[in-house]
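The file model_6.cif comes next; it holds mmCIF, C-alpha atoms.
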```
data_target
loop_
_atom_site.label_atom_id
_atom_site.label_comp_id
_atom_site.auth_asym_id
_atom_site.auth_seq_id
_atom_site.Cartn_x
_atom_site.Cartn_y
_atom_site.Cartn_z
CA LYS A 1 2.26 3.35 7.43
CA LEU A 2 0.56 6.71 7.80
CA HIS A 3 1.56 9.38 5.26
CA TRP A 4 0.19 12.92 5.15
CA THR A 5 0.81 15.18 2.17
CA TRP A 6 0.68 18.81 3.28
CA GLY A 7 -1.87 21.06 1.62
CA ASN A 8 -2.40 24.80 1.76
CA HIS A 9 -5.00 24.49 4.54
CA ASP A 10 -2.64 22.33 6.64
CA MET A 11 0.21 24.78 6.20
CA ARG A 12 -2.00 27.65 7.39
CA PHE A 13 -2.05 26.13 10.88
CA ASN A 14 1.70 26.61 11.29
CA THR A 15 1.96 29.95 9.49
CA ARG A 16 -0.98 31.46 11.39
CA LEU A 17 0.52 30.54 14.73
CA SER A 18 4.04 31.64 13.83
CA GLY A 19 2.73 34.92 12.46
CA HIS A 20 0.77 35.74 15.62
CA ALA A 21 2.79 34.02 18.34
CA SER A 22 6.36 33.78 17.04
CA GLN A 23 7.74 33.61 20.59
CA PHE A 24 6.26 30.10 20.83
CA GLU A 25 8.04 28.74 17.75
CA GLY A 26 9.42 25.31 18.55
CA VAL A 27 7.05 24.73 21.46
CA ASN A 28 5.27 21.38 21.24
CA GLY A 29 1.74 21.77 19.87
CA PHE A 30 2.43 24.79 17.67
CA SER A 31 3.01 22.63 14.59
CA LEU A 32 0.22 20.57 13.04
CA ALA A 33 2.57 17.58 12.92
CA ASP A 34 2.82 17.69 16.73
CA HIS A 35 -0.82 16.62 16.92
CA PHE A 36 -0.37 13.63 14.60
CA GLY A 37 2.80 11.99 15.91
CA ARG A 38 2.30 8.68 14.09
CA TRP A 39 2.06 10.36 10.67
CA LYS A 40 4.93 11.15 8.32
CA PHE A 41 4.42 14.59 6.74
CA SER A 42 5.69 15.42 3.24
CA THR A 43 4.77 17.46 0.18
CA SER A 44 4.49 14.40 -2.07
CA ILE A 45 4.64 10.61 -2.14
CA MET A 46 5.70 8.56 -5.18
CA VAL A 47 4.08 5.11 -5.08
CA ASN A 48 5.68 2.25 -7.02
CA SER A 49 7.56 4.73 -9.25
CA HIS A 50 4.43 5.57 -11.29
CA THR A 51 1.80 7.21 -9.06
CA MET A 52 2.42 10.62 -7.51
CA ILE A 53 0.29 11.77 -4.58
CA LYS A 54 0.47 15.45 -3.63
CA HIS A 55 -1.94 18.19 -2.67
CA ARG A 56 -1.65 20.17 -5.91
CA TRP A 57 0.41 20.88 -8.97
CA HIS A 58 -1.65 22.46 -11.75
CA ASN A 59 -4.82 24.29 -10.83
CA GLY A 60 -8.15 25.14 -12.41
CA VAL A 61 -10.94 23.19 -14.04
CA HIS A 62 -8.53 21.09 -16.17
CA CYS A 63 -5.93 20.40 -13.47
CA SER A 64 -6.42 16.61 -13.35
CA TYR A 65 -5.94 16.37 -17.12
CA ASN A 66 -2.92 18.71 -17.09
CA ASN A 67 -1.36 16.89 -14.14
CA VAL A 68 -1.49 13.46 -15.79
CA LEU A 69 -0.53 14.79 -19.22
CA LYS A 70 2.47 16.86 -18.12
CA SER A 71 3.82 14.60 -15.38
CA GLY A 72 4.03 11.38 -17.37
CA THR A 73 2.67 9.50 -14.37
CA SER A 74 -0.64 9.02 -12.60
CA MET A 75 -1.24 12.04 -10.38
CA ILE A 76 -3.50 12.09 -7.33
CA CYS A 77 -4.34 15.57 -5.97
CA GLY A 78 -7.11 17.20 -3.98
CA HIS A 79 -6.64 20.96 -4.08
CA THR A 80 -9.69 21.77 -6.23
CA HIS A 81 -12.09 19.48 -4.25
CA SER A 82 -13.83 18.41 -7.48
CA LEU A 83 -13.80 14.58 -7.07
CA LYS A 84 -13.09 13.15 -10.51
CA VAL A 85 -10.95 10.70 -12.46
CA VAL A 86 -9.46 11.62 -15.84
CA PRO A 87 -7.87 8.70 -17.71
CA TYR A 88 -5.14 9.53 -20.22
CA THR A 89 -3.81 6.96 -22.68
CA ASP A 90 -0.81 7.35 -24.95
CA TYR A 91 1.43 4.85 -26.79
CA ARG A 92 2.91 3.57 -23.53
CA GLU A 93 0.05 3.11 -21.09
CA THR A 94 -3.06 4.48 -19.41
CA ARG A 95 -2.47 6.86 -16.53
CA TYR A 96 -4.95 8.64 -14.28
CA GLY A 97 -5.40 12.20 -13.11
CA VAL A 98 -7.44 12.10 -9.92
CA ASP A 99 -8.98 14.85 -7.83
CA THR A 100 -9.86 13.38 -4.45
CA GLY A 101 -12.69 15.80 -3.62
CA THR A 102 -13.23 16.90 -0.03
CA LEU A 103 -14.31 15.17 3.15
CA ALA A 104 -16.02 18.41 4.22
CA CYS A 105 -19.53 19.49 3.33
CA PRO A 106 -19.13 21.68 0.21
CA SER A 107 -21.68 24.17 1.54
CA GLY A 108 -19.99 24.42 4.95
CA GLU A 109 -18.61 27.56 6.60
CA GLN A 110 -15.03 26.58 5.73
CA PHE A 111 -15.78 27.53 2.11
CA THR A 112 -17.11 31.04 2.78
CA TYR A 113 -14.10 32.41 0.89
CA SER A 114 -15.99 31.47 -2.30
CA GLU A 115 -18.43 34.33 -1.53
CA ASP A 116 -21.49 32.17 -2.32
CA ALA A 117 -20.28 31.56 -5.87
CA PRO A 118 -21.04 28.11 -7.30
CA ALA A 119 -18.15 25.75 -6.68
CA ASN A 120 -17.39 22.49 -8.42
CA HIS A 121 -16.72 20.80 -5.05
CA ARG A 122 -17.96 17.32 -4.23
CA SER A 123 -17.74 15.47 -0.95
CA GLY A 124 -16.18 12.02 -1.12
CA PHE A 125 -12.85 10.33 -1.72
CA ALA A 126 -10.92 8.21 -4.18
CA VAL A 127 -10.16 4.53 -3.63
CA LEU A 128 -6.86 3.42 -5.15
CA THR A 129 -6.17 -0.24 -5.88
CA PHE A 130 -2.78 -1.52 -6.98
CA TYR A 131 -2.45 -4.88 -8.72
CA LYS A 132 1.06 -6.27 -9.13
CA GLY A 133 2.32 -2.79 -8.34
CA ARG A 134 0.22 -1.01 -11.00
CA LEU A 135 -2.56 1.46 -10.31
CA MET A 136 -5.91 0.10 -11.43
CA PRO A 137 -8.70 2.49 -12.53
CA PRO A 138 -9.40 4.64 -9.44
CA GLU A 139 -12.90 4.45 -7.96
CA LEU A 140 -14.83 7.26 -6.32
CA LEU A 141 -17.07 7.22 -3.29
CA GLU A 142 -19.32 10.30 -3.51
CA VAL A 143 -21.61 11.75 -0.86
CA ILE A 144 -25.05 12.05 -2.48
CA ASP A 145 -27.06 13.40 0.47
CA GLU A 146 -25.17 14.55 3.54
CA ASP A 147 -28.30 15.04 5.67
CA ASP A 148 -29.57 11.52 4.98
CA GLY A 149 -26.09 9.94 5.12
CA LEU A 150 -26.25 8.55 1.57
CA VAL A 151 -23.14 7.78 -0.46
CA ASN A 152 -22.69 6.15 -3.85
CA PHE A 153 -19.95 3.56 -4.34
CA ARG A 154 -19.70 1.13 -7.24
CA GLY A 155 -23.21 2.02 -8.36
CA GLN A 156 -24.82 1.27 -5.01
CA MET A 157 -26.47 3.72 -2.63
CA ILE A 158 -25.13 3.10 0.86
CA GLU A 159 -26.51 4.64 4.05
CA VAL A 160 -23.81 5.62 6.53
#
```
As C-alpha cells, the full file:
Amino acid sequence: KLHWTWGNHDMRFNTRLSGHASQFEGVNGFSLADHFGRWKFSTSIMVNSHTMIKHRWHNGVHCSYNNVLKSGTSMICGHTHSLKVVPYTDYRETRYGVDTGTLACPSGEQFTYSEDAPANHRSGFAVLTFYKGRLMPPELLEVIDEDDGLVNFRGQMIEV
C-alpha cells in the first residue's frame, strides 16, 4: 500500500495552479495526486492505533517532544526537517516523537526562504519497525556527506 501524507509543500502545487489558472480546475494533471495515481493521499495515517504519521502538528525546536507529549501516542512528522527521535516514557509506556528530516540537500535552492540563516535541517529518513504491532525504537539514516554519497545507518558509514 502506498500512502502519502500531504505537507505544506505538496499543497502548494495545487494552490499555485488554482490561483493562477483557475479555469483549468478539475483538468487531469492540475492536482499533485493526478501524477501519483497509485498513492492514497491524506493528512494523517494512524498505524496500529498508537502511531500517528502526519506532516506536522506542533512546530518549532521542541515540536517532536510536544507532539509525543500532547498526543498520547507516537508521532511521526517531518515539517521541521530536523531528523531526530525523542523518546518519552510515562507510567504507561514509551512513545516516540520523530522528525523524519528531509530527502533534499539542506543547502539546496529549495531552502532559499531561510535567507541564508542557519537551519537545523538534516538530510535522511526514519526507519520504523513494528514488532507484534508495536513501534520499536525508530532508527535514523542520516546523510553525512552528500558529495561523496556517504550515509550513516546503525553506526556504519555506507557509500551510496
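Nearest residue to His9 in chain A, choosing from A:Thr129, A:Thr89, A:Phe36, A:Phe111 and counting all atoms listed in the file: A:Phe111.
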Given the PyMOL selection byres ((chain A and resi 1) around 12), the residues it picks as a compact mmCIF listing (two decimals) with C-alpha atoms, in the coordinates of the input:
```
# COMPACT_ATOMS: atom_id res chain seq x y z
CA LEU A 2 0.56 6.71 7.80
CA HIS A 3 1.56 9.38 5.26
CA TRP A 4 0.19 12.92 5.15
CA ARG A 38 2.30 8.68 14.09
CA TRP A 39 2.06 10.36 10.67
CA LYS A 40 4.93 11.15 8.32
CA PHE A 41 4.42 14.59 6.74
```
Near range 28-32 of chain A, within 7 Å and counting only C-alpha atoms, which residues show up once chain neighbours fewer than 5 positions away are dropped, as number ranges by chain?
A: 13-14, 17
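Nearest residue to Asn48 in chain A among A:Gly101, A:Leu135, A:Asn152, A:Leu128 is A:Leu135, counting all atoms listed in the file.
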Could you check which of A:Ser123, A:Ser114, A:Asn66, A:Thr51 is closest to Arg95 in chain A, using only C-alpha atoms?
A:Thr51
Name the residues in contact with Gly97 in chain A at a cut-off of 9 Å, using all atoms listed in the file, excluding same-chain residues fewer than 6 positions from it; report them as a VMD selection string.
chain A and resid 63 to 69 73 to 77 84 to 88
